[in-house]
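Trainee: Quick one: structure below, then a few questions.
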Amino acid sequence: MDDPKKGMTLIVKTITRLTVGLILLFGIYIVSHGHVSPGGGFAGGVIISLSFIHIMLAFGEEAAFKKVNQGIASLFESFGAILFITIAAIGMGSGYFFLNFLRKGEPFKLFSSGLIPLYNIAISFKVASGLFMIVILLMLLKIPKKGEKQ
Amino acid sequence: MTQNLLPLFIIIPLAAAFLNSLIGKRIKGFPDVVSAVATFALAFISVYSVFLLKESGTLVYKVGGWAPPIGISMVMDGLTVFMLVTLNLIAFLISMYSVNYMEKYTDKWIFYSLFLLVIGGMNGVVISGDMFNMYVFLEIAAIASYALVAFGTEQEELEAAFKYAVMGTVASSFILLGIVFLYSFTSTLNMADMAMQLTGKGASGIVRLAGVFFLMGFGLKSALVPFHAWLPDAHPSAPAPISAMLSGILIKSLGVYAIIRIFFSVLGASAGILNMLMILGGLSMIMGVCLALGQWDFKRLLAYHSISQIGYVVLGIGLGTPLGILGGLFHLFNHSLFKSLLFLNSGAVEYATGTRDLRKMGGLKGKMPVTANTSLVASMSIAGIPPFNGFWSKLIIIVACIQSYHFIYAALAVIGSILTLSSFMKVQRYGFFGESKGKANVKEVPFFMKLSMILLALVCLSAGLLLLPLFYDYFLKPASDAVLAGRGYLVDVLGAI
Amino acid sequence: MSVYFLCLVLFCIGLYCILRKRNLIKIIIGIAIVEYAVNLFFILVGYRMNGRVPIYSPDQTIRDMVDPLPQALVLTSIVIGLAVTALIAAIAMRVYEKYGTFDITKIKKLKG
């Protein structure tokens, strides 16, 4: 990771090393508290993907690809979408598509509102990896076809 | 519970699309199987839902168990079932065709993922009972189709895709603007509820303004004449199965269906709107065919004919009489059959000879009998030669024009039909009959391509039978009744909850 | 009323940008402006004077909230706009790769 020729200056690298974990953690916080406060899967997913983009900008592409490469990002993107549809379809077992069949719990607690946190997590997978893919594809444009959707 | 069929139209294509992108690139042959199975299941369910509708009347599905004015609803009435059958039948045949055709491209799984996303989007547009949900599905289908037009990543394709994407996005913005105006006026997004609020409040300038925005947006999506500039570039540039899908079903589900649903069921068809639709339809009918006459590129010629045939559909619907609406809807069904078939034929010719220029073809009848004969069937159908399906629907539209004293439109329809015939005589003469000019070692296309073309040709031949009372009651009558009911839609939907 | 009018002005600026500019990137910017104008208008439709943030929290009763539905819908429409912009930008980059220019008057292989 510490190749001085790649990426930006030492100052940027040091600051990035300190903050990138916090950014990732903040993203996860936003995702997991999406049902009790403003935020949710999309906003949290964007923040998570920003943490990886941050690494890419500061240390160069190779360092970021050591952590997450295109294959893994694409895998997570499809996985998030499948997860979302599966959770929605499970509701059909108890009556309706998208039915929130879990116990709702107490309002304003972390473990409440049934399936909504799970939807948020699925969306965050999709958004985080999708946005990361968009950025690396636009930066590198190496693979021939492009099929990014939300 | 029979109602659980409704969300399957969205779940199956979306799940298959993401399954393709998850494991399709790792296992060879997997994308073919998954998309063929998914589209076959969709076609089967849609045909089954024809009988279901006959039994139980309009079905309303409450997504997530929330009742309609609050939650999102899915509605299945006669028109929806009619569109679903059209969409999924063609989609299945196209997916079978692309098993062989797409072999020359790399990354088949991307193609199939995008293809299934377009199908999911179109099914969503058709089945949704909620204005904004409809917009979201429309965008899913539209974005996936922009990517599909650019699939070959050659110069022409990228240029066409850019043009298509820019114009499509502007159209979507206008549609969203129309939805905003309607929402601000009625404070609801559910279509049935919106129709009820609008009935209560009476006519207003805001509703008329929203109508204009919708006409611009959906008119651009369905390529009516002042808004048609993107279609002749975008449709020929895509791979042949996608051209067939774009021309055959996408412009109908995103454009014509949405126009019918919004203007008839929600806004209520006033005389002004009907007149406007008739003018646009008549204009497209003549302009499209005139522009097609000078074309030598096979697919570009077909794309111009799409504009012309959509003109017939919109003219029939704009008449507003029972016969006119029946003719328009029947022509919509027929056009999706023969236009897909023609595009698949053009793909087969391109696959075998490597050219789309009619002047460089010739003498293909002996070498590619299946392609030549099916294209003959399709050409006869589109030109309106008696035993084929195109004849019946055009006849109904022309009779409906005369019945409602619109003699000029009737004359225009006849002239358009004659010009279409002459244009397809040219295709047959230069493309399939005559002497061979191109490569000597031209062979017939592989099995699956032949099979889907033959099946489509058979449906083309037999679709005229749908007018017989036995089938008419099941398929066409519920659809035209649903359009004719106008705001009766809200009684249907609210009664079915 | 004047804010709605300003939205209209913004919308028209975007349309002008799409119709008149020759650079592909500027056309993409025009699309973004059109989308933002529509989104802004949608948000303003749901606004009420002196309204409160539409967040349900333990110490507040549901009173005087602005309409939350447009905000949820605009979020969706922003996501759609993101996807469209990313796709069109990718297409524009590949056009540049093939043609070597962003000028639309020089990109005209398709005619007729």
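How things are named: the first chain in the structure tokens is A, the next is B, and so on; residues count from 1 in each chain; ligands count from 1 in the order shown.
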Give me the residues within 10 Å of C:Cys12 as a list in words, counting only C-alpha atoms and dropping any in the same chain fewer than 3 places off.
Mentor: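 Surrounding residues, per the criterion: Leu6, Cys7, Leu8, Val9, Leu15, Tyr16, Cys17, Ile18, Gly30, Ile33, Val34 and Ala37 of chain C.
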Trainee: Residues of chain B within 6 Å of chain A, using only C-alpha atoms, as a ChimeraX atom specification?
Mentor: /B:18,22,63-65
Trainee: Those residues with C-alpha atoms, as a PDB file, in the first residue's frame please?
Mentor:
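File produced: result_2.pdb:
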```
ATOM      1  CA  PHE B  18     -29.833 -10.612 -11.313  1.00  0.00           C
ATOM      2  CA  LEU B  22     -24.535 -13.269 -10.368  1.00  0.00           C
ATOM      3  CA  VAL B  63     -48.487  -4.757  -2.309  1.00  0.00           C
ATOM      4  CA  GLY B  64     -47.359  -5.275   1.271  1.00  0.00           C
ATOM      5  CA  GLY B  65     -50.952  -5.661   2.408  1.00  0.00           C
TER       6      GLY B  65
END
```
Trainee: Of the residues C:Ser2, C:Gln71, C:Phe41, C:Thr61, which is the one nearest to chain B, using only C-alpha atoms?
Mentor: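 Counting only C-alpha atoms, the residue closest to chain B is C:Phe41.
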Trainee: Rounded to one decimal in Å, what is the spacing between atom CA of B:Ser46 and atom CA of B:Leu84?
Mentor: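 It comes out at 5.9 Å.
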Trainee: Taking 4 positions as the minimum chain separation for residues in the same chain, which residues sit within 7 Å of stretch 406-417 of chain B when counting only C-alpha atoms? Answer as a list in words.
Mentor: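 Here the qualifying residues turn out to be Gly282, Met285, Ile286, Val289, Ala383, Gly384, Ile398, Cys401, Ile402 and Leu421 of chain B.
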Trainee: Give me a file of those residues, with C-alpha atoms, as a short mmCIF file (atom, residue, chain, number, x, y, z; two decimals), in the first residue's frame.
Mentor:
```cif
data_model
loop_
_atom_site.label_atom_id
_atom_site.label_comp_id
_atom_site.auth_asym_id
_atom_site.auth_seq_id
_atom_site.Cartn_x
_atom_site.Cartn_y
_atom_site.Cartn_z
CA GLY B 282 -52.59 10.26 -39.16
CA MET B 285 -48.98 6.99 -40.55
CA ILE B 286 -48.16 8.96 -43.71
CA VAL B 289 -44.22 5.31 -44.71
CA ALA B 383 -49.03 -4.64 -46.11
CA GLY B 384 -52.51 -5.90 -45.33
CA ILE B 398 -60.69 1.98 -41.96
CA CYS B 401 -63.04 5.81 -39.72
CA ILE B 402 -65.80 5.71 -42.31
CA LEU B 421 -47.23 -2.67 -49.85
#
```
Trainee: Would you mind listing, as a VMD selection string, all residues of chain B that have at least one atom within 7 Å of chain C, where only C-alpha atoms are what counts?
Mentor: chain B and resid 143 155 to 156 158 to 159 162 165 173 177 180 184 233
Trainee: Would you output that residue set with N, CA and C atoms, as a compact mmCIF listing (two decimals), in the first residue's frame?
Mentor:
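Listing of out23.txt after writing:
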```txt
# COMPACT_ATOMS: atom_id res chain seq x y z
N ILE B 143 -33.72 2.75 -19.25
CA ILE B 143 -32.27 2.77 -19.05
C ILE B 143 -31.65 1.50 -19.60
N GLN B 155 -19.29 2.75 -33.77
CA GLN B 155 -19.56 4.19 -33.89
C GLN B 155 -21.05 4.51 -34.00
N GLU B 156 -21.74 3.82 -34.95
CA GLU B 156 -23.14 4.15 -35.17
C GLU B 156 -23.97 3.86 -33.93
N LEU B 158 -23.10 3.74 -30.75
CA LEU B 158 -22.90 4.69 -29.66
C LEU B 158 -23.60 6.00 -29.95
N GLU B 159 -23.50 6.44 -31.20
CA GLU B 159 -24.15 7.70 -31.55
C GLU B 159 -25.67 7.59 -31.37
N PHE B 162 -26.59 7.52 -27.72
CA PHE B 162 -26.52 8.82 -27.06
C PHE B 162 -27.76 9.65 -27.39
N ALA B 165 -30.74 8.17 -25.62
CA ALA B 165 -30.71 8.38 -24.18
C ALA B 165 -31.08 9.83 -23.85
N SER B 173 -38.46 13.33 -18.11
CA SER B 173 -38.62 14.51 -17.26
C SER B 173 -40.00 15.12 -17.46
N LEU B 177 -42.89 15.59 -14.71
CA LEU B 177 -43.51 16.90 -14.49
C LEU B 177 -45.03 16.77 -14.52
N VAL B 180 -46.14 15.33 -11.32
CA VAL B 180 -46.08 16.32 -10.24
C VAL B 180 -47.32 17.20 -10.27
N SER B 184 -50.05 17.46 -7.34
CA SER B 184 -50.35 18.69 -6.63
C SER B 184 -51.84 19.01 -6.70
N ASP B 233 -32.78 5.84 -35.81
CA ASP B 233 -31.37 5.61 -35.48
C ASP B 233 -31.22 4.50 -34.46
```
Trainee: Using DSSP on the backbone, list every residue of chain A that comes out as alpha helix (DSSP H), and give them as a PyMOL selection string.
Mentor: chain A and resi 10-32+41-59+61-67+70-90+116-140
Trainee: If you count only C-alpha atoms, which residues fall within 10 Å of stretch 60-70 of chain A, apart from same-chain ones fewer than 3 positions away, as a list in words?
Mentor: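 Once the nearby chain positions are removed, what remains is Met1, Asp2, Asp3, Lys5, Lys6, Gly7, Met8, Phe52, Ile53, His54, Ile55, Met56, Leu57, Ala73, Ser74, Leu75, Phe76, Ser129, Phe132, Met133, Ile136, Leu137, Met139, Leu140 and Ile143 of chain A.
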Trainee: Quick one: pull the distance between atom CA of B:Ala348 and atom CA of B:Tyr97, Å, one decimal.
Mentor: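 Taking atom CA of B:Ala348 and atom CA of B:Tyr97, their separation equals 9.6 Å.
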Trainee: Considering only C-alpha atoms, state which residue in the set C:Ala86, C:Val3, C:Ile78, C:Val53 is at the smallest distance from chain A.
Mentor: C:Ala86
Trainee: Write out as a list of chain:residue names each polymer residue whose atoms come within 9 Å of A:Lys104, counting only C-alpha atoms; drop sequence neighbours fewer than 3 positions from it.
Mentor: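 Neighbouring residues, sequence-local ones excluded: A:Asn100, A:Phe101, A:Pro107, A:Phe111, A:Ser112, A:Ser113, A:Gly114, A:Leu115.
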Trainee: Using Å and a single decimal, report how far atom CA of B:Leu465 sits from atom CA of B:Ser308.
Mentor: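 Straight-line distance from atom CA of B:Ser308 to atom CA of B:Leu465 works out to 24.4 Å.
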Trainee: Env of B:Tyr304: 12 Å cut, atoms = only C-alpha atoms, seq-sep filter 4 positions within chain, self excluded. Answer as a PyMOL selection string.
Mentor: (chain B and resi 223-225+228-236+247+284-300+308-311+339+420+423) or (chain C and resi 112)
Trainee: Save the residues we just selected, N, CA and C atoms, as a short mmCIF file (atom, residue, chain, number, x, y, z; two decimals), in the first residue's frame?
Mentor:
```cif
data_model
loop_
_atom_site.label_atom_id
_atom_site.label_comp_id
_atom_site.auth_asym_id
_atom_site.auth_seq_id
_atom_site.Cartn_x
_atom_site.Cartn_y
_atom_site.Cartn_z
N ALA B 223 -42.76 7.37 -30.22
CA ALA B 223 -42.27 7.80 -31.53
C ALA B 223 -43.37 8.22 -32.48
N LEU B 224 -44.33 9.02 -32.00
CA LEU B 224 -45.29 9.65 -32.91
C LEU B 224 -44.58 10.76 -33.66
N VAL B 225 -45.16 11.20 -34.79
CA VAL B 225 -44.29 11.89 -35.74
C VAL B 225 -43.52 13.13 -35.29
N HIS B 228 -40.32 11.71 -33.48
CA HIS B 228 -39.88 10.39 -33.90
C HIS B 228 -38.39 10.30 -34.21
N ALA B 229 -37.66 11.42 -34.10
CA ALA B 229 -36.32 11.45 -34.69
C ALA B 229 -35.37 10.39 -34.16
N TRP B 230 -35.56 9.92 -32.92
CA TRP B 230 -34.60 8.97 -32.36
C TRP B 230 -34.80 7.57 -32.90
N LEU B 231 -36.03 7.23 -33.27
CA LEU B 231 -36.35 5.82 -33.53
C LEU B 231 -35.59 5.24 -34.71
N PRO B 232 -35.54 5.91 -35.87
CA PRO B 232 -34.84 5.30 -37.01
C PRO B 232 -33.35 5.13 -36.77
N ASP B 233 -32.78 5.84 -35.81
CA ASP B 233 -31.37 5.61 -35.48
C ASP B 233 -31.22 4.50 -34.46
N ALA B 234 -32.06 4.56 -33.42
CA ALA B 234 -31.86 3.66 -32.28
C ALA B 234 -32.23 2.23 -32.61
N HIS B 235 -33.38 2.03 -33.27
CA HIS B 235 -33.83 0.66 -33.46
C HIS B 235 -32.95 -0.16 -34.39
N PRO B 236 -32.48 0.38 -35.51
CA PRO B 236 -31.60 -0.46 -36.34
C PRO B 236 -30.23 -0.71 -35.74
N SER B 247 -38.89 -2.39 -31.26
CA SER B 247 -39.93 -2.01 -32.19
C SER B 247 -41.21 -2.77 -31.93
N SER B 284 -48.23 10.43 -38.34
CA SER B 284 -47.20 9.39 -38.26
C SER B 284 -47.38 8.37 -39.34
N MET B 285 -48.65 8.03 -39.59
CA MET B 285 -48.98 6.99 -40.55
C MET B 285 -48.39 7.33 -41.93
N ILE B 286 -48.60 8.59 -42.37
CA ILE B 286 -48.16 8.96 -43.71
C ILE B 286 -46.67 9.28 -43.73
N MET B 287 -46.21 10.07 -42.74
CA MET B 287 -44.80 10.48 -42.73
C MET B 287 -43.88 9.28 -42.64
N GLY B 288 -44.24 8.33 -41.76
CA GLY B 288 -43.39 7.16 -41.55
C GLY B 288 -43.21 6.39 -42.83
N VAL B 289 -44.31 6.14 -43.51
CA VAL B 289 -44.22 5.31 -44.71
C VAL B 289 -43.52 6.06 -45.84
N CYS B 290 -43.73 7.40 -45.92
CA CYS B 290 -43.05 8.17 -46.97
C CYS B 290 -41.54 8.13 -46.75
N LEU B 291 -41.12 8.29 -45.48
CA LEU B 291 -39.69 8.25 -45.20
C LEU B 291 -39.12 6.87 -45.46
N ALA B 292 -39.96 5.83 -45.28
CA ALA B 292 -39.46 4.47 -45.46
C ALA B 292 -39.21 4.15 -46.93
N LEU B 293 -39.93 4.85 -47.83
CA LEU B 293 -39.84 4.48 -49.24
C LEU B 293 -38.43 4.60 -49.79
N GLY B 294 -37.70 5.61 -49.33
CA GLY B 294 -36.38 5.83 -49.91
C GLY B 294 -35.26 5.05 -49.26
N GLN B 295 -35.57 4.18 -48.32
CA GLN B 295 -34.51 3.51 -47.56
C GLN B 295 -34.00 2.27 -48.28
N TRP B 296 -32.68 2.05 -48.18
CA TRP B 296 -32.10 0.80 -48.71
C TRP B 296 -31.55 -0.09 -47.61
N ASP B 297 -31.42 0.48 -46.42
CA ASP B 297 -30.97 -0.33 -45.28
C ASP B 297 -32.19 -1.08 -44.74
N PHE B 298 -32.10 -2.40 -44.71
CA PHE B 298 -33.26 -3.23 -44.36
C PHE B 298 -33.84 -2.83 -43.00
N LYS B 299 -32.97 -2.74 -41.97
CA LYS B 299 -33.49 -2.48 -40.64
C LYS B 299 -34.01 -1.06 -40.49
N ARG B 300 -33.36 -0.12 -41.18
CA ARG B 300 -33.81 1.27 -41.10
C ARG B 300 -35.19 1.43 -41.74
N SER B 308 -44.94 4.34 -38.87
CA SER B 308 -46.18 4.38 -39.62
C SER B 308 -47.25 3.50 -38.99
N GLN B 309 -46.84 2.29 -38.56
CA GLN B 309 -47.84 1.36 -38.00
C GLN B 309 -48.34 1.82 -36.64
N ILE B 310 -47.45 2.45 -35.85
CA ILE B 310 -47.91 3.00 -34.57
C ILE B 310 -48.94 4.09 -34.84
N GLY B 311 -48.77 4.80 -35.99
CA GLY B 311 -49.77 5.78 -36.38
C GLY B 311 -51.14 5.15 -36.55
N LYS B 339 -43.86 -7.17 -36.90
CA LYS B 339 -42.66 -6.34 -36.89
C LYS B 339 -41.51 -7.07 -36.20
N THR B 420 -47.13 1.10 -48.04
CA THR B 420 -46.46 0.03 -47.31
C THR B 420 -46.26 -1.18 -48.20
N SER B 423 -43.48 -0.61 -50.60
CA SER B 423 -42.19 -0.66 -49.93
C SER B 423 -41.77 -2.11 -49.67
N GLY C 112 -30.43 10.00 -42.91
CA GLY C 112 -31.45 9.46 -43.80
C GLY C 112 -32.74 9.06 -43.13
#
```
Trainee: Please identify all polymer residues within 6 Å of C:Asn23, counting only C-alpha atoms, omitting same-chain residues fewer than 3 positions from it, and present them as a ChimeraX atom specification.
Mentor: /C:26,102-103
Trainee: Generate the output file for the selected residues, N, CA and C atoms, as a compact mmCIF listing (two decimals), in the first residue's frame.
Mentor:
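Once written, selection24.txt looks like this:
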```txt
# COMPACT_ATOMS: atom_id res chain seq x y z
N LYS C 26 -21.64 19.05 -22.25
CA LYS C 26 -22.57 20.12 -21.89
C LYS C 26 -24.01 19.64 -22.00
N PHE C 102 -15.83 15.63 -29.04
CA PHE C 102 -17.09 15.75 -28.30
C PHE C 102 -18.10 16.59 -29.06
N ASP C 103 -17.73 17.06 -30.24
CA ASP C 103 -18.59 17.99 -30.98
C ASP C 103 -19.66 17.22 -31.74
```
Trainee: Return the single residue from C:Ile13, C:Met1, C:Leu75, C:Leu19 that is closest to chain A, with distances computed using only C-alpha atoms.
Mentor: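 When distances to chain A are compared using only C-alpha atoms, the smallest one comes from C:Leu75.
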Trainee: Per DSSP on the backbone, filter chain C down to the residues in strand (DSSP E or B) and report them as a PyMOL selection string.
Mentor: chain C and resi 23+52+65+103
Trainee: Please produce a file of the residues just selected, as a PDB file, in the first residue's frame, where the atoms kept are N, CA and C atoms.
Mentor:
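Okay, this is what ended up in again.pdb:
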```
ATOM      1  N   ASN C  23     -21.438  20.457 -27.372  1.00  0.00           N
ATOM      2  CA  ASN C  23     -20.535  19.550 -26.685  1.00  0.00           C
ATOM      3  C   ASN C  23     -21.335  18.482 -25.944  1.00  0.00           C
ATOM      4  N   ARG C  52     -42.759  21.682   9.491  1.00  0.00           N
ATOM      5  CA  ARG C  52     -41.713  21.025  10.250  1.00  0.00           C
ATOM      6  C   ARG C  52     -41.128  19.887   9.423  1.00  0.00           C
ATOM      7  N   MET C  65     -46.427  19.149   9.606  1.00  0.00           N
ATOM      8  CA  MET C  65     -45.322  18.597   8.823  1.00  0.00           C
ATOM      9  C   MET C  65     -45.464  19.014   7.365  1.00  0.00           C
ATOM     10  N   ASP C 103     -17.732  17.063 -30.244  1.00  0.00           N
ATOM     11  CA  ASP C 103     -18.593  17.994 -30.977  1.00  0.00           C
ATOM     12  C   ASP C 103     -19.662  17.222 -31.740  1.00  0.00           C
TER      13      ASP C 103
END
```
